[in-house]
Structures are given as structure tokens and as C-alpha cells.
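Source file start_33.txt; content: compact mmCIF, C-alpha atoms.
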# COMPACT_ATOMS: atom_id res chain seq x y z
CA MET R 12 -25.23 -6.28 22.36
CA ALA R 13 -26.03 -3.34 24.63
CA LEU R 14 -25.65 -0.35 22.30
CA ASP R 15 -27.45 2.36 24.28
CA GLY R 16 -24.90 5.08 24.88
CA PHE R 17 -22.19 3.27 22.92
CA GLY R 18 -21.26 6.36 20.92
CA THR R 19 -20.96 8.51 24.02
CA ARG R 20 -18.70 5.99 25.74
CA LEU R 21 -16.59 5.57 22.60
CA LYS R 22 -16.06 9.32 22.28
CA ALA R 23 -15.22 9.65 25.97
CA ILE R 24 -12.60 6.89 26.01
CA ARG R 25 -11.13 8.07 22.68
CA GLN R 26 -10.65 11.58 24.03
CA GLU R 27 -9.30 10.21 27.29
CA ARG R 28 -6.67 8.26 25.36
CA GLY R 29 -5.76 11.40 23.39
CA TYR R 30 -6.71 10.19 19.91
CA THR R 31 -8.48 12.18 17.20
CA GLN R 32 -11.20 10.54 15.14
CA LYS R 33 -8.78 10.46 12.22
CA GLN R 34 -6.08 8.70 14.23
CA LEU R 35 -8.49 6.10 15.56
CA ALA R 36 -9.86 5.53 12.05
CA GLY R 37 -6.32 4.96 10.77
CA PHE R 38 -5.61 2.36 13.45
CA LEU R 39 -8.87 0.52 12.72
CA GLY R 40 -8.65 0.66 8.93
CA VAL R 41 -11.96 2.53 8.58
CA THR R 42 -12.78 6.07 7.48
CA GLU R 43 -12.86 9.06 9.79
CA GLN R 44 -16.50 9.45 8.76
CA ALA R 45 -17.24 5.95 10.04
CA VAL R 46 -15.80 6.77 13.48
CA SER R 47 -17.87 9.96 13.54
CA LYS R 48 -21.01 7.94 12.79
CA TYR R 49 -20.17 5.47 15.58
CA GLU R 50 -19.86 8.30 18.08
CA ARG R 51 -23.06 9.99 16.92
CA GLY R 52 -24.96 6.72 17.11
CA ASN R 53 -25.79 6.74 13.39
CA SER R 54 -24.12 3.37 12.81
CA TYR R 55 -22.29 0.68 14.77
CA PRO R 56 -19.06 -1.23 14.12
CA ASP R 57 -19.07 -4.90 13.24
CA ILE R 58 -17.57 -7.44 15.62
CA GLU R 59 -14.04 -7.30 14.17
CA VAL R 60 -13.88 -3.49 14.30
CA LEU R 61 -15.43 -3.49 17.77
CA SER R 62 -12.71 -5.83 18.99
CA GLY R 63 -10.13 -3.53 17.40
CA ILE R 64 -11.58 -0.52 19.21
CA ALA R 65 -11.20 -2.31 22.54
CA GLU R 66 -7.54 -3.14 21.77
CA VAL R 67 -6.57 0.25 20.41
CA LEU R 68 -8.26 2.20 23.21
CA ASP R 69 -7.10 -0.25 25.89
CA CYS R 70 -10.57 -0.80 27.34
CA SER R 71 -12.93 -3.72 27.86
CA LEU R 72 -15.89 -4.61 25.68
CA ASP R 73 -17.96 -4.56 28.87
CA TYR R 74 -17.17 -0.88 29.25
CA LEU R 75 -18.00 -0.07 25.63
CA LEU R 76 -21.22 -2.06 25.54
CA GLN R 77 -22.56 -1.94 29.10
CA HIS R 78 -20.66 0.90 30.76
CA GLU R 79 -19.65 -1.16 33.77
CA SER R 80 -17.87 1.06 36.26
CA GLY R 81 -14.20 0.28 36.77
CA LYS R 82 -13.94 -1.73 33.57
CA HIS R 83 -12.03 0.87 31.56
CA ASN R 84 -8.89 -1.27 31.36
CA LEU R 85 -8.47 -4.95 30.74
CA PRO R 86 -6.69 -6.66 33.69
CA GLY R 87 -2.99 -7.03 33.01
CA GLN R 88 -3.24 -5.59 29.53
CA GLU R 89 -0.03 -4.07 28.20
CA ASN R 90 0.27 -0.75 26.45
CA VAL R 91 -1.71 -0.81 23.21
CA PHE R 92 1.38 -0.53 21.00
CA ARG R 93 2.90 -3.64 22.65
CA LYS R 94 -0.28 -5.66 22.60
CA GLN R 95 0.12 -8.86 20.63
CA GLY R 96 -1.79 -8.63 17.37
CA ILE R 97 -2.17 -4.84 17.42
CA SER R 98 0.10 -4.51 14.40
CA ARG R 99 -2.77 -5.21 12.05
CA PHE R 100 -4.35 -1.91 13.15
CA LEU R 101 -1.11 -0.01 12.72
CA GLN R 102 -0.22 -1.33 9.27
CA GLN R 103 0.32 1.49 6.84
CA ASP R 104 -1.49 1.50 3.52
CA VAL R 105 0.99 2.19 0.74
CA ILE R 106 -1.48 3.61 -1.79
CA VAL R 107 -4.56 5.48 -0.63
CA LEU R 108 -7.12 7.23 -2.83
CA GLN R 109 -9.17 9.69 -0.78
CA PHE R 110 -12.20 11.58 -2.04
CA ASP R 111 -14.92 13.98 -0.98
CA GLU R 112 -18.48 12.85 -0.27
CA LYS R 113 -19.67 14.11 -3.67
CA LEU R 114 -17.49 11.50 -5.34
CA VAL R 115 -18.70 8.68 -3.06
CA PRO R 116 -21.36 7.44 -5.57
CA LEU R 117 -18.63 6.85 -8.16
CA PHE R 118 -16.59 4.71 -5.80
CA MET R 119 -19.61 2.99 -4.27
CA GLU R 120 -20.49 1.71 -7.73
CA GLU R 121 -16.87 0.69 -8.21
CA ALA R 122 -16.98 -1.28 -4.95
CA LYS R 123 -20.30 -2.94 -5.86
CA GLN R 124 -18.70 -4.26 -9.04
CA ASN R 125 -15.67 -5.58 -7.10
CA CYS R 126 -13.39 -2.68 -8.08
CA PRO R 127 -12.86 -3.49 -11.80
CA HIS R 128 -10.98 -0.24 -12.53
CA MET R 129 -8.56 -0.71 -9.63
CA ILE R 130 -8.00 -4.35 -10.56
CA GLU R 131 -7.36 -3.36 -14.17
CA MET R 132 -4.84 -0.72 -13.09
CA ARG R 133 -2.88 -3.26 -11.04
CA GLN R 134 -3.09 -5.73 -13.94
CA GLN R 135 -1.71 -3.07 -16.28
CA ALA R 136 1.17 -2.42 -13.89
CA ALA R 137 1.94 -6.14 -13.89
CA LEU R 138 1.64 -6.42 -17.68
CA GLN R 139 3.40 -3.21 -18.67
CA TRP R 140 5.97 -2.70 -15.90
CA GLY R 141 6.34 -6.28 -14.66
CA ILE R 142 5.61 -5.01 -11.14
CA ILE R 143 3.15 -6.24 -8.51
CA LEU R 144 1.57 -3.26 -6.76
CA PRO R 145 0.19 -3.21 -3.21
CA LEU R 146 -3.57 -3.11 -2.73
CA ILE R 147 -5.17 0.31 -3.20
CA ARG R 148 -7.32 1.60 -0.36
CA MET R 149 -10.24 3.86 -1.25
CA GLN R 150 -11.75 6.02 1.46
CA ASP R 151 -14.00 9.06 1.71
CA GLN R 152 -12.97 12.09 3.73
CA SER R 153 -15.50 14.54 5.11
CA ASN R 154 -12.98 17.38 5.48
CA MET R 155 -12.10 17.68 1.77
CA GLU R 156 -13.29 20.24 -0.73
CA PRO R 157 -16.39 19.34 -2.79
CA SER R 158 -15.50 16.87 -5.58
CA GLN R 159 -11.85 16.76 -4.48
CA PHE R 160 -9.74 13.63 -4.67
CA GLU R 161 -6.27 13.08 -3.24
CA ILE R 162 -3.64 10.42 -3.83
CA CYS R 163 -1.41 9.47 -0.91
CA ILE R 164 1.72 7.32 -1.01
CA ASN R 165 2.73 6.04 2.42
CA ARG R 166 0.34 8.59 3.94
CA VAL R 167 2.03 11.49 2.15
CA PRO R 168 -0.20 13.38 -0.34
CA VAL R 169 1.39 13.37 -3.81
CA TYR R 170 -1.50 14.70 -5.87
CA SER R 171 -4.79 16.50 -5.29
CA GLU R 172 -7.39 17.87 -7.68
CA ILE R 173 -10.96 19.10 -7.71
CA ARG R 174 -13.13 17.70 -10.49
CA GLU R 175 -16.32 19.37 -11.65
CA GLY R 176 -18.27 16.36 -12.84
CA THR R 177 -19.38 13.18 -11.11
CA ASN R 178 -20.22 11.11 -14.19
CA PRO R 179 -18.73 7.63 -14.66
CA GLU R 180 -16.08 8.98 -17.06
CA GLU R 181 -14.53 10.84 -14.13
CA LEU R 182 -13.45 7.53 -12.64
CA PHE R 183 -11.36 6.78 -15.74
CA TYR R 184 -9.59 10.11 -15.31
CA ILE R 185 -8.97 9.58 -11.58
CA VAL R 186 -7.65 6.05 -12.07
CA GLY R 187 -5.41 7.28 -14.89
CA LYS R 188 -3.98 9.96 -12.62
CA LEU R 189 -3.52 7.36 -9.89
CA LYS R 190 -1.49 5.17 -12.24
CA GLU R 191 0.62 8.17 -13.27
CA MET R 192 1.38 9.06 -9.64
CA VAL R 193 2.20 5.47 -8.74
CA PHE R 194 4.75 5.31 -11.56
CA GLN R 195 6.30 8.63 -10.57
CA ASN R 196 6.63 7.38 -6.99
CA LEU R 197 7.55 3.79 -7.79
CA ASP R 198 10.52 3.92 -5.43
CA GLN R 199 8.06 4.56 -2.59
CA VAL R 200 5.38 2.14 -3.81
CA LEU R 201 7.43 -0.95 -4.64
CA ASN R 202 8.42 -2.39 -1.28
CA ASN R 203 10.23 -5.57 -0.27
CA GLN R 204 6.91 -7.34 0.31
CA CYS R 205 5.90 -6.76 -3.32
CA VAL R 206 9.28 -8.03 -4.50
CA TYR R 207 8.84 -11.09 -2.29
CA TYR R 208 5.52 -11.90 -4.00
CA MET R 209 7.14 -11.48 -7.42
CA VAL R 210 10.01 -13.80 -6.49
CA GLU R 211 7.72 -16.41 -4.95
CA SER R 212 5.61 -16.45 -8.09
CA LEU R 213 8.76 -17.02 -10.11
CA ARG R 214 9.98 -19.65 -7.66
CA GLU R 215 6.91 -21.81 -8.30
CA GLU R 216 7.69 -22.07 -12.01
CA ASN R 217 11.50 -21.90 -11.89
CA PRO R 218 12.65 -23.17 -8.48
CA TYR R 219 16.23 -23.89 -9.60
CA VAL R 220 16.85 -20.30 -10.77
CA VAL R 221 15.65 -18.75 -7.53
CA GLU R 222 16.65 -21.39 -4.98
CA SER R 223 19.73 -20.45 -2.95
CA ILE R 224 19.97 -17.13 -4.80
CA VAL R 225 17.13 -14.99 -3.44
CA PRO R 226 17.46 -13.91 -0.71
CA GLU R 227 20.67 -15.81 0.13
CA VAL R 228 22.86 -14.10 -2.51
CA ILE R 229 20.58 -11.31 -3.71
CA SER R 230 18.62 -9.64 -0.95
CA TYR R 231 15.04 -8.50 -1.55
CA SER R 232 16.19 -4.96 -0.84
CA LEU R 233 18.93 -5.02 -3.50
CA LEU R 234 16.64 -6.67 -6.06
CA ARG R 235 14.01 -4.02 -5.33
CA GLN R 236 16.49 -1.18 -5.92
CA VAL R 237 17.76 -2.71 -9.16
CA LEU R 238 14.21 -3.20 -10.49
CA ILE R 239 13.29 0.41 -9.68
CA HIS R 240 16.36 1.69 -11.53
CA LEU R 241 15.69 -0.57 -14.51
CA VAL R 242 12.13 0.70 -14.84
CA LYS R 243 12.52 4.38 -13.91
CA ASP R 244 16.06 5.22 -15.03
CA PHE R 245 16.72 2.89 -17.95
CA GLY R 246 13.20 2.35 -19.31
CA TYR R 247 13.04 -1.44 -19.06
CA THR R 248 10.16 -3.55 -17.85
CA ALA R 249 10.85 -5.93 -14.99
CA HIS R 250 9.20 -8.76 -16.93
CA PRO R 251 12.35 -10.81 -17.61
CA LEU R 252 12.70 -11.24 -13.85
CA ILE R 253 14.30 -14.65 -14.22
CA LEU R 254 16.95 -13.15 -16.51
CA ILE R 255 17.41 -10.10 -14.29
CA ILE R 256 18.12 -12.33 -11.31
CA GLN R 257 20.63 -14.38 -13.29
CA LEU R 258 22.41 -11.27 -14.60
CA LEU R 259 22.44 -9.68 -11.16
CA GLU R 260 23.97 -12.82 -9.66
CA GLN R 261 26.68 -12.70 -12.34
CA GLN R 262 27.40 -9.04 -11.63
CA LEU R 263 27.70 -9.72 -7.91
CA GLY R 264 30.12 -12.54 -8.72
CA LEU R 265 32.22 -10.24 -10.90
CA GLU R 266 32.14 -7.66 -8.16
CA GLN R 267 34.31 -9.90 -6.03
CA GLN R 268 37.16 -9.00 -8.37
CA PRO R 269 39.12 -6.09 -6.79
CA ALA R 270 39.12 -3.96 -9.96
CA LEU R 271 35.33 -4.08 -10.25
CA ARG R 272 34.69 -3.86 -6.54
CA ARG R 273 36.08 -0.32 -6.55
CA THR R 274 33.50 0.84 -9.12
CA VAL R 275 30.46 -1.21 -8.10
CA GLY R 276 29.63 -1.81 -4.47
CA ILE R 277 26.64 -3.63 -3.06
CA SER R 278 25.11 -0.20 -2.54
CA GLY R 279 25.69 0.72 -6.21
CA SER R 280 22.33 -0.59 -7.32
CA ARG R 281 21.99 1.95 -10.12
CA GLU R 282 25.30 0.89 -11.66
CA LEU R 283 24.27 -2.75 -11.36
CA ALA R 284 20.97 -1.92 -13.07
CA ARG R 285 22.83 -0.10 -15.87
CA ARG R 286 25.03 -3.11 -16.54
CA ILE R 287 22.00 -5.41 -16.58
CA ALA R 288 20.11 -3.05 -18.91
CA GLU R 289 23.01 -3.23 -21.39
CA GLN R 290 22.50 -7.00 -21.62
CA LEU R 291 18.70 -7.01 -21.92
CA ASP R 292 16.99 -7.35 -25.27
CA PRO R 293 15.55 -4.00 -26.51
CA GLY R 294 12.24 -5.81 -26.80
CA PHE R 295 11.93 -5.46 -23.02
CA ARG R 296 11.96 -1.66 -23.16
CA LEU R 297 8.86 -0.06 -21.64
CA GLU R 298 7.66 1.53 -24.87
CA ASN R 299 7.14 -1.96 -26.29
CA TRP R 300 4.84 -2.87 -23.39
CA VAL R 301 2.98 0.35 -22.59
CA LYS R 302 0.19 0.91 -25.08
Transcribe the structure of this file into C-alpha cells.
Amino acid sequence: MALDGFGTRLKAIRQERGYTQKQLAGFLGVTEQAVSKYERGNSYPDIEVLSGIAEVLDCSLDYLLQHESGKHNLPGQENVFRKQGISRFLQQDVIVLQFDEKLVPLFMEEAKQNCPHMIEMRQQAALQWGIILPLIRMQDQSNMEPSQFEICINRVPVYSEIREGTNPEELFYIVGKLKEMVFQNLDQVLNNQCVYYMVESLREENPYVVESIVPEVISYSLLRQVLIHLVKDFGYTAHPLILIIQLLEQQLGLEQQPALRRTVGISGSRELARRIAEQLDPGFRLENWVK
């Protein structure tokens, strides 16, 4: 691999394409600091990231690695946003935990141990709320205040704080705050893909209950809305998912009656959730699951 001058060529083509280091980092799924190191020649991307750089910046590997004149663009390559397979670089992380360089040692240790605190938080969400959460991305940011961390939901900051200490106990606090913010923003966190995973897990054990019902009768979108209302508005865990699906199917059947159709439409997910909550055992209330 011819790496002499790689950083200079990367910076030149990035600027030519009109991207900031932060934008390029977002497309590649790496940190802004990593892109900065690539351009300064302090480190080099692995093969997968290198291939992604070529796709995102619409240039050839020959240009990046050997600086061959006239090889800026791949022959016949379409615009980067139409390129087949580019979507993996444009996928949006739902939950992102960003932190300043001073907090990096905390999260480096977390990563070395295979992220036990993050795994535990997602397990707690599954146990207590009955919800499968998306993966949590952790990334350092060089432009943050010392010892600052920030929680982003769908790239929108929802919480930021500066912590004085960097001892291991700080991680417990940060993860606790992350869980709190995720619950507060559950309507933004729980997406149709998460609901799909929940339904598929249920389908394996109870195929008859789910088959021909989800998504044929109950769409993933409607089920998602009902689950959010059950958890956030009525204080029930989504654990009895099999029962929730059955009750929701019944409510949709009743809704075909003209008298009920006027009060509960397909879009009335909160009213549907209220009716389901009235039929659920109080043992499924959140306070019985959150310790």
C-alpha cells in the first residue's frame, strides 16, 4: 500500500468534494478525530474504511494510494448518494454517546471488556420495559469541553454535562443518565426495526399468534405507537407482547363497527393503547419490573 502523501491527498479530495471532517466521519462510521489523524498522517484507515472513503469521495483507490494523475473519478461511477451499497455509510445511529478526550480512558476500558455497562443497560431495557433498543455508538469528540459528555438521539443532542472526575464510578453515572434520556425519548428511539426484531423473536416461539397478523393486520408502525403509549403514557411494560398483539387485533376488529370507528381510528394509537392497558394485569405495570 503506497501511503506516502495519503493524508494530503485525502484532505485535498475531501475539501474538493465540499465535506468537513465531521461529515466524512459520519459517512464512514468513524470519529472526526480519526479522520483528522488520517489527514495528518498519524494513522491510516483499515481496508474497509479505505474502500468507504473511495466510495464516499467518488475517487479511485489508485488516486488515494498512488496519486495517479487523472484518476480522481472512477470510470462510469454514479453520484455517491446513488452508488449501490453507499447506504451503509449514510445509516444514522439512533443513540450516540459522545465524550471529550479526557473521558476516553473510561470508554477505552469499557470497550476492552466488550462494553459490559452498555450491554447491561440494553438488557435492563429488555427486562424492565420489554423493549429492544438499538445499538449504542460511543465516540470521542475533540471539539467538546474537557470532561464533557453528550447524548444524541437521531443526531439531535438531548443531554450534555461536564463531569469533574474520571474515575470508574463516573461511567455508572453516565450510563444511568443515558438510560434516563433513552426512556424520555423512547418515541424517537424505538423504531420499526426494533419492533420487527421483537416480533420475530416472538414469532419463533409462538408462530400461530403472529402469523398472518403482523404485519398483515397490525403494521409495525401501529404496533410501535401502541407500545410507546403503553410504556410512556399508561406505565405498562411491553413484556406481554403476545397478549398485546392479541388484544390489539381484537380492538381493530371491533373498530370495524361504525359506532366504534368514529371514536377510534387506525391513527388513534393512544386510544387503542388505553383500551389494551385496561385489560392488562396490574402485574405488568412498570413499577413491578423496574427495581
Nearest to R:Ile224 by atom-to-atom distance, counting all atoms listed in the file, from R:Glu27, R:Asp244, R:Glu191, R:Glu260: R:Glu260
Sphere at (15.2, -14.0, -11.3), radius 10 Å, counting all atoms listed in the file: residues as number ranges by chain: R: 209-210, 213-214, 217-218, 220-222, 224-225, 229, 234, 249-260
Exercise: stretch 147-155 of chain R partners within 10 Å, only C-alpha atoms, chain neighbours under 3 positions left out, as a PyMOL selection string: chain R and resi 33+40-45+47+104-115+118-119+122+126+129-130+132-133+144+158-163+173+189
Filtering to C-alpha atoms, could you give me those residues as an mmCIF file, in the coordinates of the input?
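part35.cif written:
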data_model
loop_
_atom_site.group_PDB
_atom_site.id
_atom_site.type_symbol
_atom_site.label_atom_id
_atom_site.label_comp_id
_atom_site.auth_asym_id
_atom_site.auth_seq_id
_atom_site.Cartn_x
_atom_site.Cartn_y
_atom_site.Cartn_z
ATOM 1 C CA LYS R 33 -8.780 10.460 12.220
ATOM 2 C CA GLY R 40 -8.650 0.660 8.930
ATOM 3 C CA VAL R 41 -11.960 2.530 8.580
ATOM 4 C CA THR R 42 -12.780 6.070 7.480
ATOM 5 C CA GLU R 43 -12.860 9.060 9.790
ATOM 6 C CA GLN R 44 -16.500 9.450 8.760
ATOM 7 C CA ALA R 45 -17.240 5.950 10.040
ATOM 8 C CA SER R 47 -17.870 9.960 13.540
ATOM 9 C CA ASP R 104 -1.490 1.500 3.520
ATOM 10 C CA VAL R 105 0.990 2.190 0.740
ATOM 11 C CA ILE R 106 -1.480 3.610 -1.790
ATOM 12 C CA VAL R 107 -4.560 5.480 -0.630
ATOM 13 C CA LEU R 108 -7.120 7.230 -2.830
ATOM 14 C CA GLN R 109 -9.170 9.690 -0.780
ATOM 15 C CA PHE R 110 -12.200 11.580 -2.040
ATOM 16 C CA ASP R 111 -14.920 13.980 -0.980
ATOM 17 C CA GLU R 112 -18.480 12.850 -0.270
ATOM 18 C CA LYS R 113 -19.670 14.110 -3.670
ATOM 19 C CA LEU R 114 -17.490 11.500 -5.340
ATOM 20 C CA VAL R 115 -18.700 8.680 -3.060
ATOM 21 C CA PHE R 118 -16.590 4.710 -5.800
ATOM 22 C CA MET R 119 -19.610 2.990 -4.270
ATOM 23 C CA ALA R 122 -16.980 -1.280 -4.950
ATOM 24 C CA CYS R 126 -13.390 -2.680 -8.080
ATOM 25 C CA MET R 129 -8.560 -0.710 -9.630
ATOM 26 C CA ILE R 130 -8.000 -4.350 -10.560
ATOM 27 C CA MET R 132 -4.840 -0.720 -13.090
ATOM 28 C CA ARG R 133 -2.880 -3.260 -11.040
ATOM 29 C CA LEU R 144 1.570 -3.260 -6.760
ATOM 30 C CA SER R 158 -15.500 16.870 -5.580
ATOM 31 C CA GLN R 159 -11.850 16.760 -4.480
ATOM 32 C CA PHE R 160 -9.740 13.630 -4.670
ATOM 33 C CA GLU R 161 -6.270 13.080 -3.240
ATOM 34 C CA ILE R 162 -3.640 10.420 -3.830
ATOM 35 C CA CYS R 163 -1.410 9.470 -0.910
ATOM 36 C CA ILE R 173 -10.960 19.100 -7.710
ATOM 37 C CA LEU R 189 -3.520 7.360 -9.890
#
Quick one: 4 Å padding each side, axis-aligned, all listed atoms of stretch 233-236 of chain R - centre and edge lengths in Å to one decimal, as lines of an AutoDock Vina configuration file?
center_x = 16.5
center_y = -3.9
center_z = -4.8
size_x = 12.9
size_y = 13.5
size_z = 10.6
Long-range neighbours of R:Met192 as a ChimeraX atom specification, 10 Å cut-off, all atoms listed in the file, 5 positions minimum in chain: /R:106,162-164,169-170,186-187,197,200
